[in-house]
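**Student:** Quick one: the structure is below, questions incoming.
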Amino acid sequence: MSRSLSFGGDKRRVMVVRYNRPSPIATFVSMQKRSCRLIPFLASLFAAFVLLAAPLARAQLSIEITGAGANRIPIAIVPFAGEAALPPGVTSIVRADLERSGLFRGIEVPTLIPHPTEASTVDYAEWRARLADALVLGSVAARPDGRFEVRFRLYDVVKQTSLGGVAYTLAKDQVRATAHRISDYVYEKLTGQRGVFSTRIAYVVKRGNRYELQIADADGADEEPALASFEPIISPAWSPDGKRLAYVSFENKKPVVYVHSLINGKRRVVANFKGSNSAPAWSPDGSKLAVSLSKDGGSQLFLINPDGSGVQRLTNSGAIDTEPRFSPDGQWIYFTSDRGGSPQIYRMPAAGGPAQRITFNGNYNVSPRISPDGKSLAYIARSDGKFQVTLLDLDSQQTQVLTDSDRDESPSFAPNGRMILYATIVGGRGILSAVSVDGAVRQRLTVTDGDVREPAWGPFQQ
Amino acid sequence: MRPILILVLTAMLAACAGASREQSPAGVEERSPGAAGAGGAQSQAVQGAGVSGTALGGQQAGGLSPLKDPNNILSKRSIYYDFDKYDVKDEYKPIIEAHAKYLREHPEAKMLIQGNTDERGSREYNVALGQRRADGVKNMLKLLGVRDDQVEAVSLGEEKPKAQGHDEEAYAQNRRCDMLYQGEY
């Protein structure tokens, strides 16, 4: 992993951070540490650099589980033989991952002699007696080239059968990535859904008058700043391939849309027209952004290429049209508009055409986010003065308020559609929370100091 | 000429005054009627009072810039809004009229109008709301004869609150447009 700092061109109030974490494991059987290129420092030192660079030390998110599913799968994860060579230990991360999902309960495992590994013969009766429904065994071995091999196997204790296993080759600094891959494997085998433990999240931390756009693993670990600024940063949006972020920065004293490469730290102004430029959303194929621009009067929706070319107007309402989001199939754009007298969610064909209203209850429904399967809509609804994450089933038209907080903002689906990450205020501080789409599983993500806001859950690793 | 402009402006305001979408508990705030009628008359009256006699004519040799002179109406730069509103209240119209006159008389001058909202609700929606407020001020200036390319209206949404509190007093401070001249932003 390398991280180097450079200034984004002329911007004296902003520091761009080159973000070049090696991609986690590329395949199930081997993990290559990507070579890291260094880019030269471009900028001379000045005050902004010192001010911005010094506090960039890690202050990572900590996650507290505040609610869990009713029927959690009891799973025994036996510490892998030899895993002391790979601190902080593969299995502790796997167990934390699975428990955090709210769908698993880790079973305490005593010291076993001989230490069972993926090569051992499993005594299913013994694990049944420990009330485990599932079992993970594995081992870690040093390779002659200085790297390591981690092998594991997953067992269904009830059916007394192996569900499969994987061997990974990894460098010592890829323990977390490897553990998340194992968690994803176990999660998918036992729930039938893809795990999101290897995904990343983006969010903005505000400390005093400093704003940092941060990227972290989905468990809050390995936080890395992508951008630091003395002016606000809002609305980060991941490109579908996870390699770029679009966002809105106020560093030029007005909202301007940027696209920022997480591979080389370079960024480009996408929309800086007269007036305000805001609310970027990627098309599912990554070829277009929908944005809200006021250049022709009012806040209206436009399509624009990620390089800033090909501006094409989508709405002509005379009202506020903003917060566009593409449906996963790319056919529709959901957005917020006050064309009917209060802010409500509408949708229109992505190719242009008449809009149809989607939300009807209440007089403030904003920030639409379509689930990855396209079947439900998460948004923020105001009711009795409370702003809460609400889920609408698009077929049945049933709505469910998912939170008990009252200042919710910016919902973001996990790529498997199971959890929704959002910003809220607790005790006067901005924090992130996550809630499962059935409302049962709840997590709270906080930093030691500062306000966290504007979360965006990244796509599956490719 | 000026009364005609003001009448046009008044009519425009009456036509476009309407509810914006900044939310608060229902019934907390009485909704004021639009700016029609009395607005024009009051604007005329205050406009006279606002001309201090030293400033509006242009630069004074060696003195304070009229834009900075606290005794000059041009030093007033902020327009405050009622809750759920984006129309300019009568008391602020003389300020906008004075700046319109200044911009007409200084065709090289450029202005940035920053619209702001209170912190409640969606950040992106508030960007759009602040834009609507700033656009409203810009449209008034244009109706008063200011060239389009002299003025840019932008929004800071809820992102740059002037008052940091979380009560109605702070919210009222933050529902605001600021008029800044080149070099001030």
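Naming scheme: A, B, ... for chains in displayed order of the structure tokens; residues 1 onward per chain; ligands 1 onward as shown.
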Determine, using only C-alpha atoms, which residues of segment 123-170 of chain B have any atom at most 7 Å from an atom of segment 90-112 of chain B, and tabulate each with its shortest atom pair and distance in Å to one decimal place, rows ordered by chain and then rising number, as a tab-separated table.
**Tutor:**
residue	atom	partner	partner_atom	distance
B:Leu141	CA	B:Ala100	CA	5.4
B:Leu144	CA	B:Ala100	CA	6.1
B:Gly145	CA	B:Arg104	CA	6.7
B:Val146	CA	B:Arg104	CA	5.6
B:Gln150	CA	B:Lys110	CA	4.7
B:Val151	CA	B:Met111	CA	4.8
B:Glu152	CA	B:Leu112	CA	5.0
B:Ala153	CA	B:Leu112	CA	6.0
**Student:** Using C-alpha atoms, can you write the selected residues to a file as a short mmCIF file (atom, residue, chain, number, x, y, z; two decimals), in the first residue's frame?
**Tutor:**
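Listed below is the output, result.cif:
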data_model
loop_
_atom_site.label_atom_id
_atom_site.label_comp_id
_atom_site.auth_asym_id
_atom_site.auth_seq_id
_atom_site.Cartn_x
_atom_site.Cartn_y
_atom_site.Cartn_z
CA LEU B 141 -31.16 42.97 -9.85
CA LEU B 144 -33.52 46.79 -12.03
CA GLY B 145 -31.22 46.97 -15.04
CA VAL B 146 -28.16 45.01 -13.97
CA GLN B 150 -22.34 41.02 -13.71
CA VAL B 151 -24.02 38.69 -11.24
CA GLU B 152 -23.65 35.01 -10.41
CA ALA B 153 -26.14 33.36 -8.08
#
**Student:** Go through segment 174-212 of chain A residue by residue and, counting only C-alpha atoms, keep those with an atom at most 10 Å from segment 61-75 of chain A; for each kept residue give the shortest atom pair and its distance in Å to one decimal, ordered by chain and increasing number, as a tab-separated table.
**Tutor:**
residue	atom	partner	partner_atom	distance
A:Val186	CA	A:Ile75	CA	10.0
A:Leu190	CA	A:Ile73	CA	8.5
A:Thr191	CA	A:Ile73	CA	9.4
**Student:** Nearest residue to Ala134 of chain B out of A:Gly458, A:Gly450, A:Gly298, A:Pro411, using only C-alpha atoms?
**Tutor:**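 Closest to Ala134 of chain B, using only C-alpha atoms: A:Gly298.
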**Student:** Under the rule that only C-alpha atoms are counted, which of A:Phe104, A:Tyr334, A:Tyr155, A:Tyr379 is the nearest residue to Asp123 of chain A?
**Tutor:**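 Using only C-alpha atoms, the shortest distance to Asp123 of chain A belongs to A:Tyr155.
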**Student:** Output as CSV one row per residue of chain A within 6 Å of chain B: the closest atom pair and its distance in Å to one decimal place, counting only C-alpha atoms, sorted by chain and residue number ascending.
**Tutor:**
residue,atom,partner,partner_atom,distance
A:Gly275,CA,B:Val154,CA,4.5
A:Ser276,CA,B:Val154,CA,5.2
A:Ser299,CA,B:Ala128,CA,5.8
A:Gly385,CA,B:Pro25,CA,5.8
**Student:** Can you list, as an MDAnalysis selection string, all residues belonging to segment 249-337 of chain A that DSSP tags as strand (DSSP E or B)?
**Tutor:** chainID A and resid 249 256:261 267:271 277:282 289:293 300:304 312:313 321:326 332:337
**Student:** Can you list, as a VMD selection string, every protein, DNA or RNA residue that comes within 8 Å of segment 216-223 of chain A when you count only C-alpha atoms, leaving out same-chain residues fewer than 2 positions away?
**Tutor:** chain A and resid 58 to 63 97 196 to 202 214 225 445 457
**Student:** If I take atom CA of Arg95 of chain A and atom CA of Ser183 of chain A, how far is one from the other in Å, to one decimal?
**Tutor:**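 These two atoms are separated by 7.9 Å.
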**Student:** Give me, as number ranges by chain, all polymer residues having an atom no more than 8 Å from Leu245 of chain A, counting only C-alpha atoms and skipping those fewer than 5 positions away in the same chain.
**Tutor:** A: 236-239, 259-262
**Student:** Those selected residues, please, written with N, CA and C atoms and delivered as an mmCIF file, in the first residue's frame.
**Tutor:**
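And here's out.cif as it stands now:
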data_model
loop_
_atom_site.group_PDB
_atom_site.id
_atom_site.type_symbol
_atom_site.label_atom_id
_atom_site.label_comp_id
_atom_site.auth_asym_id
_atom_site.auth_seq_id
_atom_site.Cartn_x
_atom_site.Cartn_y
_atom_site.Cartn_z
ATOM 1 N N PRO A 236 -20.686 12.205 -1.967
ATOM 2 C CA PRO A 236 -19.819 11.268 -2.671
ATOM 3 C C PRO A 236 -20.649 10.154 -3.312
ATOM 4 N N ALA A 237 -20.267 9.759 -4.510
ATOM 5 C CA ALA A 237 -20.986 8.699 -5.238
ATOM 6 C C ALA A 237 -19.952 7.816 -5.933
ATOM 7 N N TRP A 238 -19.996 6.518 -5.659
ATOM 8 C CA TRP A 238 -19.037 5.576 -6.234
ATOM 9 C C TRP A 238 -19.365 5.284 -7.687
ATOM 10 N N SER A 239 -18.349 5.237 -8.524
ATOM 11 C CA SER A 239 -18.564 4.723 -9.872
ATOM 12 C C SER A 239 -18.873 3.230 -9.760
ATOM 13 N N VAL A 259 -14.930 14.425 -10.404
ATOM 14 C CA VAL A 259 -14.736 12.974 -10.407
ATOM 15 C C VAL A 259 -13.287 12.720 -10.029
ATOM 16 N N HIS A 260 -13.084 11.856 -9.064
ATOM 17 C CA HIS A 260 -11.798 11.656 -8.407
ATOM 18 C C HIS A 260 -11.401 10.198 -8.585
ATOM 19 N N SER A 261 -10.263 9.957 -9.178
ATOM 20 C CA SER A 261 -9.788 8.581 -9.347
ATOM 21 C C SER A 261 -9.160 8.093 -8.053
ATOM 22 N N LEU A 262 -9.610 6.958 -7.570
ATOM 23 C CA LEU A 262 -9.006 6.384 -6.369
ATOM 24 C C LEU A 262 -7.744 5.595 -6.725
#
